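Next up, upload-v5.pdb (PDB, C-alpha atoms):
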```pdb
ATOM      1  CA  MET S   1       0.000   0.000   0.000  1.00  0.00           C
ATOM      2  CA  ARG S   2       1.274   3.422  -0.911  1.00  0.00           C
ATOM      3  CA  VAL S   3       1.608   6.146   1.676  1.00  0.00           C
ATOM      4  CA  ASP S   4       0.494   8.839  -0.771  1.00  0.00           C
ATOM      5  CA  SER S   5      -2.472   7.819  -2.861  1.00  0.00           C
ATOM      6  CA  TYR S   6      -4.160   9.403  -5.844  1.00  0.00           C
ATOM      7  CA  TYR S   7      -7.949   9.135  -6.044  1.00  0.00           C
ATOM      8  CA  TYR S   8     -10.102  10.105  -8.999  1.00  0.00           C
ATOM      9  CA  ARG S   9     -13.406   9.049  -7.456  1.00  0.00           C
ATOM     10  CA  ASP S  10     -15.340  11.121  -4.943  1.00  0.00           C
ATOM     11  CA  SER S  11     -14.744  10.210  -1.276  1.00  0.00           C
ATOM     12  CA  GLY S  12     -18.389   9.097  -1.008  1.00  0.00           C
ATOM     13  CA  PHE S  13     -18.084   6.549  -3.833  1.00  0.00           C
ATOM     14  CA  LEU S  14     -19.211   3.050  -2.804  1.00  0.00           C
ATOM     15  CA  TYR S  15     -16.914   0.229  -3.919  1.00  0.00           C
ATOM     16  CA  PRO S  16     -18.631  -3.156  -4.372  1.00  0.00           C
ATOM     17  CA  LEU S  17     -16.966  -6.270  -3.027  1.00  0.00           C
ATOM     18  CA  GLU S  18     -17.953  -9.960  -3.124  1.00  0.00           C
ATOM     19  CA  SER S  19     -16.669 -12.899  -1.091  1.00  0.00           C
ATOM     20  CA  HIS S  20     -13.611 -14.654  -2.499  1.00  0.00           C
ATOM     21  CA  PRO S  21     -12.767 -17.619  -0.238  1.00  0.00           C
ATOM     22  CA  SER S  22      -9.837 -18.663  -2.414  1.00  0.00           C
ATOM     23  CA  TYR S  23      -8.219 -15.311  -1.564  1.00  0.00           C
ATOM     24  CA  TRP S  24      -8.947 -15.725   2.180  1.00  0.00           C
ATOM     25  CA  PHE S  25     -11.653 -13.073   2.508  1.00  0.00           C
ATOM     26  CA  HIS S  26     -15.429 -13.090   2.754  1.00  0.00           C
ATOM     27  CA  VAL S  27     -18.003 -10.336   2.991  1.00  0.00           C
ATOM     28  CA  GLY S  28     -21.347 -10.034   4.707  1.00  0.00           C
ATOM     29  CA  ARG S  29     -24.094  -7.518   5.213  1.00  0.00           C
ATOM     30  CA  SER S  30     -27.191  -6.849   7.246  1.00  0.00           C
ATOM     31  CA  GLU S  31     -29.530  -3.860   7.284  1.00  0.00           C
ATOM     32  CA  ALA S  32     -27.303  -2.102   9.837  1.00  0.00           C
ATOM     33  CA  LYS S  33     -23.733  -3.144   8.997  1.00  0.00           C
ATOM     34  CA  GLN S  34     -21.302  -4.628   6.509  1.00  0.00           C
ATOM     35  CA  ALA S  35     -18.059  -6.523   6.981  1.00  0.00           C
ATOM     36  CA  ILE S  36     -15.013  -7.943   5.273  1.00  0.00           C
ATOM     37  CA  MET S  37     -13.720 -10.930   7.206  1.00  0.00           C
ATOM     38  CA  GLY S  38     -11.202 -13.685   6.949  1.00  0.00           C
ATOM     39  CA  LEU S  39      -7.631 -14.659   7.447  1.00  0.00           C
ATOM     40  CA  LEU S  40      -5.393 -11.601   7.521  1.00  0.00           C
ATOM     41  CA  GLY S  41      -1.841 -12.464   8.382  1.00  0.00           C
ATOM     42  CA  GLU S  42      -2.171 -15.217  10.956  1.00  0.00           C
ATOM     43  CA  THR S  43      -5.391 -14.050  12.613  1.00  0.00           C
ATOM     44  CA  PHE S  44      -9.080 -13.915  11.766  1.00  0.00           C
ATOM     45  CA  LYS S  45     -10.253 -10.332  11.418  1.00  0.00           C
ATOM     46  CA  ALA S  46     -13.487  -8.550  10.529  1.00  0.00           C
ATOM     47  CA  ILE S  47     -13.351  -5.005   9.221  1.00  0.00           C
ATOM     48  CA  MET S  48     -16.687  -3.426  10.050  1.00  0.00           C
ATOM     49  CA  PHE S  49     -18.563  -0.754   8.095  1.00  0.00           C
ATOM     50  CA  SER S  50     -21.859   1.031   8.570  1.00  0.00           C
ATOM     51  CA  ASP S  51     -24.804   0.342   6.270  1.00  0.00           C
ATOM     52  CA  LYS S  52     -23.731   3.535   4.428  1.00  0.00           C
ATOM     53  CA  GLY S  53     -20.233   2.122   3.818  1.00  0.00           C
ATOM     54  CA  ASP S  54     -18.253   4.085   6.416  1.00  0.00           C
ATOM     55  CA  PHE S  55     -15.392   2.311   8.206  1.00  0.00           C
ATOM     56  CA  ILE S  56     -16.224   1.638  11.869  1.00  0.00           C
ATOM     57  CA  GLU S  57     -13.647  -0.696  13.413  1.00  0.00           C
ATOM     58  CA  VAL S  58     -11.556  -3.837  13.162  1.00  0.00           C
ATOM     59  CA  GLN S  59     -12.586  -6.833  15.243  1.00  0.00           C
ATOM     60  CA  GLU S  60     -10.360  -9.812  15.844  1.00  0.00           C
ATOM     61  CA  TRP S  61     -11.225 -13.356  16.883  1.00  0.00           C
ATOM     62  CA  PRO S  62      -8.838 -16.034  17.992  1.00  0.00           C
ATOM     63  CA  LEU S  63      -8.706 -18.641  15.272  1.00  0.00           C
ATOM     64  CA  ALA S  64     -10.032 -21.839  16.823  1.00  0.00           C
ATOM     65  CA  LEU S  65      -7.492 -24.313  15.531  1.00  0.00           C
ATOM     66  CA  PRO S  66      -8.385 -27.947  16.048  1.00  0.00           C
ATOM     67  CA  SER S  67      -5.617 -30.471  16.198  1.00  0.00           C
ATOM     68  CA  SER S  68      -3.199 -30.445  13.303  1.00  0.00           C
ATOM     69  CA  PRO S  69      -4.213 -32.136  10.101  1.00  0.00           C
ATOM     70  CA  THR S  70      -3.302 -35.766   9.739  1.00  0.00           C
ATOM     71  CA  ARG S  71      -0.416 -36.585   7.474  1.00  0.00           C
ATOM     72  CA  SER S  72      -2.831 -37.583   4.736  1.00  0.00           C
ATOM     73  CA  ALA S  73      -4.804 -34.348   4.918  1.00  0.00           C
ATOM     74  CA  ASP S  74      -3.708 -31.391   2.848  1.00  0.00           C
ATOM     75  CA  GLU S  75      -2.762 -28.521   5.170  1.00  0.00           C
ATOM     76  CA  LEU S  76      -4.241 -25.867   2.880  1.00  0.00           C
ATOM     77  CA  ASP S  77      -7.595 -27.676   2.723  1.00  0.00           C
ATOM     78  CA  TRP S  78      -7.494 -28.033   6.493  1.00  0.00           C
ATOM     79  CA  LEU S  79      -6.858 -24.295   6.967  1.00  0.00           C
ATOM     80  CA  GLU S  80      -9.643 -23.415   4.498  1.00  0.00           C
ATOM     81  CA  GLU S  81     -12.070 -25.540   6.552  1.00  0.00           C
ATOM     82  CA  VAL S  82     -10.987 -23.776   9.757  1.00  0.00           C
ATOM     83  CA  VAL S  83     -11.506 -20.340   8.172  1.00  0.00           C
ATOM     84  CA  GLU S  84     -14.864 -21.359   6.653  1.00  0.00           C
ATOM     85  CA  ARG S  85     -16.120 -22.494  10.081  1.00  0.00           C
ATOM     86  CA  GLU S  86     -15.009 -19.185  11.574  1.00  0.00           C
ATOM     87  CA  VAL S  87     -16.763 -17.224   8.802  1.00  0.00           C
ATOM     88  CA  VAL S  88     -20.035 -19.077   9.444  1.00  0.00           C
ATOM     89  CA  GLN S  89     -19.734 -18.478  13.178  1.00  0.00           C
ATOM     90  CA  VAL S  90     -18.933 -14.750  12.815  1.00  0.00           C
ATOM     91  CA  ARG S  91     -21.663 -14.203  10.203  1.00  0.00           C
ATOM     92  CA  THR S  92     -24.158 -15.875  12.537  1.00  0.00           C
ATOM     93  CA  GLN S  93     -22.944 -13.899  15.549  1.00  0.00           C
ATOM     94  CA  LEU S  94     -23.152 -10.584  13.643  1.00  0.00           C
ATOM     95  CA  GLY S  95     -26.316 -11.409  11.698  1.00  0.00           C
ATOM     96  CA  LEU S  96     -24.671 -11.063   8.287  1.00  0.00           C
ATOM     97  CA  ALA S  97     -25.689 -12.610   4.971  1.00  0.00           C
ATOM     98  CA  ASP S  98     -23.183 -13.522   2.241  1.00  0.00           C
ATOM     99  CA  GLU S  99     -24.100 -10.638  -0.067  1.00  0.00           C
ATOM    100  CA  THR S 100     -22.072  -8.061  -1.987  1.00  0.00           C
ATOM    101  CA  ILE S 101     -21.106  -5.137   0.207  1.00  0.00           C
ATOM    102  CA  HIS S 102     -20.701  -1.497  -0.842  1.00  0.00           C
ATOM    103  CA  ILE S 103     -18.087   0.412   1.129  1.00  0.00           C
ATOM    104  CA  LYS S 104     -16.237   3.705   0.997  1.00  0.00           C
ATOM    105  CA  ARG S 105     -12.505   3.679   0.550  1.00  0.00           C
ATOM    106  CA  PHE S 106     -10.435   3.026   3.632  1.00  0.00           C
ATOM    107  CA  ARG S 107      -6.780   2.461   4.454  1.00  0.00           C
ATOM    108  CA  LEU S 108      -5.354   0.336   7.259  1.00  0.00           C
ATOM    109  CA  PRO S 109      -1.642   0.215   6.358  1.00  0.00           C
ATOM    110  CA  LYS S 110      -0.599  -1.757   9.447  1.00  0.00           C
ATOM    111  CA  LEU S 111      -2.996  -4.540   8.416  1.00  0.00           C
ATOM    112  CA  GLN S 112      -2.274  -4.213   4.690  1.00  0.00           C
ATOM    113  CA  ALA S 113      -6.004  -3.716   4.086  1.00  0.00           C
ATOM    114  CA  GLY S 114      -7.840  -1.039   2.154  1.00  0.00           C
ATOM    115  CA  VAL S 115      -9.306   0.220  -1.086  1.00  0.00           C
ATOM    116  CA  GLU S 116      -7.514   2.389  -3.629  1.00  0.00           C
ATOM    117  CA  ASP S 117      -8.635   3.689  -7.003  1.00  0.00           C
ATOM    118  CA  LEU S 118      -5.462   2.784  -8.877  1.00  0.00           C
ATOM    119  CA  PRO S 119      -2.642   0.223  -8.783  1.00  0.00           C
ATOM    120  CA  ASP S 120       0.807   1.336  -7.668  1.00  0.00           C
ATOM    121  CA  ASP S 121       2.290   1.723 -11.165  1.00  0.00           C
ATOM    122  CA  LEU S 122      -0.471   4.106 -12.287  1.00  0.00           C
ATOM    123  CA  GLN S 123      -0.296   6.040  -9.019  1.00  0.00           C
ATOM    124  CA  GLU S 124       3.466   6.378  -9.465  1.00  0.00           C
ATOM    125  CA  TYR S 125       2.922   7.627 -13.011  1.00  0.00           C
ATOM    126  CA  LEU S 126       0.388  10.249 -11.902  1.00  0.00           C
ATOM    127  CA  THR S 127       2.630  11.398  -9.082  1.00  0.00           C
ATOM    128  CA  ASN S 128       5.656  11.765 -11.388  1.00  0.00           C
ATOM    129  CA  ARG S 129       4.205  12.689 -14.776  1.00  0.00           C
ATOM    130  CA  GLY S 130       6.685  13.747 -17.368  1.00  0.00           C
ATOM    131  CA  LEU S 131       8.057  10.438 -18.540  1.00  0.00           C
ATOM    132  CA  SER S 132       8.896  10.533 -22.184  1.00  0.00           C
ATOM    133  CA  GLY S 133       8.256   8.275 -25.107  1.00  0.00           C
ATOM    134  CA  SER S 134       6.139   5.162 -25.374  1.00  0.00           C
ATOM    135  CA  THR S 135       6.101   4.523 -21.611  1.00  0.00           C
ATOM    136  CA  GLU S 136       3.976   7.616 -21.022  1.00  0.00           C
ATOM    137  CA  VAL S 137       1.615   6.744 -23.866  1.00  0.00           C
ATOM    138  CA  ASP S 138       1.257   3.176 -22.553  1.00  0.00           C
ATOM    139  CA  LEU S 139       0.546   4.407 -19.023  1.00  0.00           C
ATOM    140  CA  GLU S 140      -2.010   6.964 -20.264  1.00  0.00           C
ATOM    141  CA  GLU S 141      -3.788   4.189 -22.175  1.00  0.00           C
ATOM    142  CA  ALA S 142      -3.671   1.921 -19.131  1.00  0.00           C
ATOM    143  CA  LEU S 143      -5.090   4.709 -16.949  1.00  0.00           C
ATOM    144  CA  GLU S 144      -7.963   5.376 -19.354  1.00  0.00           C
ATOM    145  CA  GLY S 145      -8.704   1.639 -19.665  1.00  0.00           C
ATOM    146  CA  TRP S 146      -8.667   1.273 -15.858  1.00  0.00           C
ATOM    147  CA  LYS S 147     -11.185   4.126 -15.495  1.00  0.00           C
ATOM    148  CA  GLU S 148     -13.407   2.899 -18.344  1.00  0.00           C
ATOM    149  CA  GLU S 149     -13.646  -0.563 -16.773  1.00  0.00           C
ATOM    150  CA  SER S 150     -14.304   1.027 -13.354  1.00  0.00           C
ATOM    151  CA  LEU S 151     -11.644  -1.142 -11.702  1.00  0.00           C
ATOM    152  CA  PHE S 152     -10.186  -0.568  -8.251  1.00  0.00           C
ATOM    153  CA  VAL S 153      -7.578  -2.146  -5.971  1.00  0.00           C
ATOM    154  CA  PHE S 154      -8.590  -4.019  -2.827  1.00  0.00           C
ATOM    155  CA  TRP S 155      -5.824  -4.814  -0.350  1.00  0.00           C
ATOM    156  CA  TRP S 156      -6.136  -7.893   1.838  1.00  0.00           C
ATOM    157  CA  ASP S 157      -2.547  -8.767   2.722  1.00  0.00           C
ATOM    158  CA  GLN S 158      -1.869  -8.403  -1.028  1.00  0.00           C
ATOM    159  CA  SER S 159      -3.433  -6.401  -3.835  1.00  0.00           C
ATOM    160  CA  PHE S 160      -6.422  -7.564  -5.875  1.00  0.00           C
ATOM    161  CA  TYR S 161      -7.877  -5.875  -8.936  1.00  0.00           C
ATOM    162  CA  VAL S 162     -11.655  -5.725  -8.585  1.00  0.00           C
ATOM    163  CA  ASP S 163     -14.302  -4.957 -11.222  1.00  0.00           C
ATOM    164  CA  SER S 164     -17.445  -2.826 -10.990  1.00  0.00           C
ATOM    165  CA  GLU S 165     -19.467  -5.842  -9.737  1.00  0.00           C
ATOM    166  CA  GLY S 166     -17.113  -6.558  -6.838  1.00  0.00           C
ATOM    167  CA  ALA S 167     -15.407  -9.605  -8.350  1.00  0.00           C
ATOM    168  CA  VAL S 168     -11.640 -10.066  -8.199  1.00  0.00           C
ATOM    169  CA  THR S 169     -10.299 -10.040 -11.747  1.00  0.00           C
ATOM    170  CA  SER S 170      -6.611 -10.583 -10.922  1.00  0.00           C
ATOM    171  CA  SER S 171      -4.176 -10.675  -8.036  1.00  0.00           C
TER
END
```
Take the structure in the file and give it back as structure tokens.
Amino acid sequence: MRVDSYYYRDSGFLYPLESHPSYWFHVGRSEAKQAIMGLLGETFKAIMFSDKGDFIEVQEWPLALPSSPTRSADELDWLEEVVEREVVQVRTQLGLADETIHIKRFRLPKLQAGVEDLPDDLQEYLTNRGLSGSTEVDLEEALEGWKEESLFVFWWDQSFYVDSEGAVTSS
């Protein structure tokens, strides 16, 4: 995550986001709140938002780890099952349904979590315009394409490119 970020969308813009278990995060919503939850680093966290998309707080739960997987079990599958159980429990506890959320941008650099309008290379270009030659033309085209497709960057321990429906398109 960059320290200095460039935004072209209004601060009230609502970014859609869907659950993506294969990337270790899930979302949920109720009439009163929204959340992004999952494995972040080595702990289970839920980043809470109001129904209007404003960041509220980060909640953390101890990850209830059963005994280690047997030698025949795949450790990744085992960890996915542990996280899935935690997601179900937290969704139930908070009264959340697995539905697309709509949140305002936020930045939690210590957690490596947040939403940004542009990927690092385009932000770097906008911060230091004046490159010459084909590089500048390529970056201008990339910037226009990014805006036309209404993409954004979601950070959850790594960066994900997300489309206008809230689906991860690349990582």
Might you pull out every residue within 9 Å of Glu165 in chain S, with only C-alpha atoms counted and same-chain residues fewer than 5 positions away left off, and present them as a PyMOL selection string?
chain S and resi 15-18+100
So that I have them on file, write out the residues from the current selection with C-alpha atoms, as a PDB file, in the frame of the given file.
```
ATOM      1  CA  TYR S  15     -16.914   0.229  -3.919  1.00  0.00           C
ATOM      2  CA  PRO S  16     -18.631  -3.156  -4.372  1.00  0.00           C
ATOM      3  CA  LEU S  17     -16.966  -6.270  -3.027  1.00  0.00           C
ATOM      4  CA  GLU S  18     -17.953  -9.960  -3.124  1.00  0.00           C
ATOM      5  CA  THR S 100     -22.072  -8.061  -1.987  1.00  0.00           C
TER       6      THR S 100
END
```
For Asp117 in chain S, list every protein, DNA or RNA residue within 12 Å, evaluated using only C-alpha atoms, and leave out those in the same chain fewer than 2 positions away; present the list as a ChimeraX atom specification.
/S:1-2,5-11,13-15,104-107,114-115,119-123,143,146-147,149-155,159-164
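Distance-wise, CA of Phe55 in chain S and CA of Glu148 in chain S end up 26.6 Å apart.
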Local residues around (-10.8, -13.6, 12.7), at most 6 Å away, using all atoms listed in the file, as a ChimeraX atom specification:
/S:38,43-45,60-61
Would you mind listing what lies within 9 Å of range 20-26 of chain S as a ChimeraX atom specification, with all atoms listed in the file counted and same-chain residues fewer than 3 positions away left out?
/S:35-40,80,83-84,87,98,156,167-168,171
Counting only C-alpha atoms, the option among S:Glu86, S:Pro62, S:Glu75, S:Leu94 closest to Lys33 in chain S
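Checking each of S:Glu86, S:Pro62, S:Glu75, S:Leu94 against Lys33 in chain S, counting only C-alpha atoms, the winner is S:Leu94.
Atom pair CA of Val90 in chain S / CA of Ala46 in chain S: separated by 8.6 Å.
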Quote the spacing between CA of Glu99 in chain S and CA of Ser19 in chain S in Å to one decimal place.
7.8 Å
Box in all listed atoms of range 112-122 of chain S, axis-aligned, with 4 Å more on each side; write out centre and edge lengths in Å to one decimal as lines of an AutoDock Vina configuration file.
```
center_x = -3.5
center_y = -0.1
center_z = -3.8
size_x = 19.6
size_y = 16.3
size_z = 25.0
```
Any chance you could resolve the PyMOL selection byres ((chain S and resi 57) around 7) against this file and give the residues as a count of residues only?
6
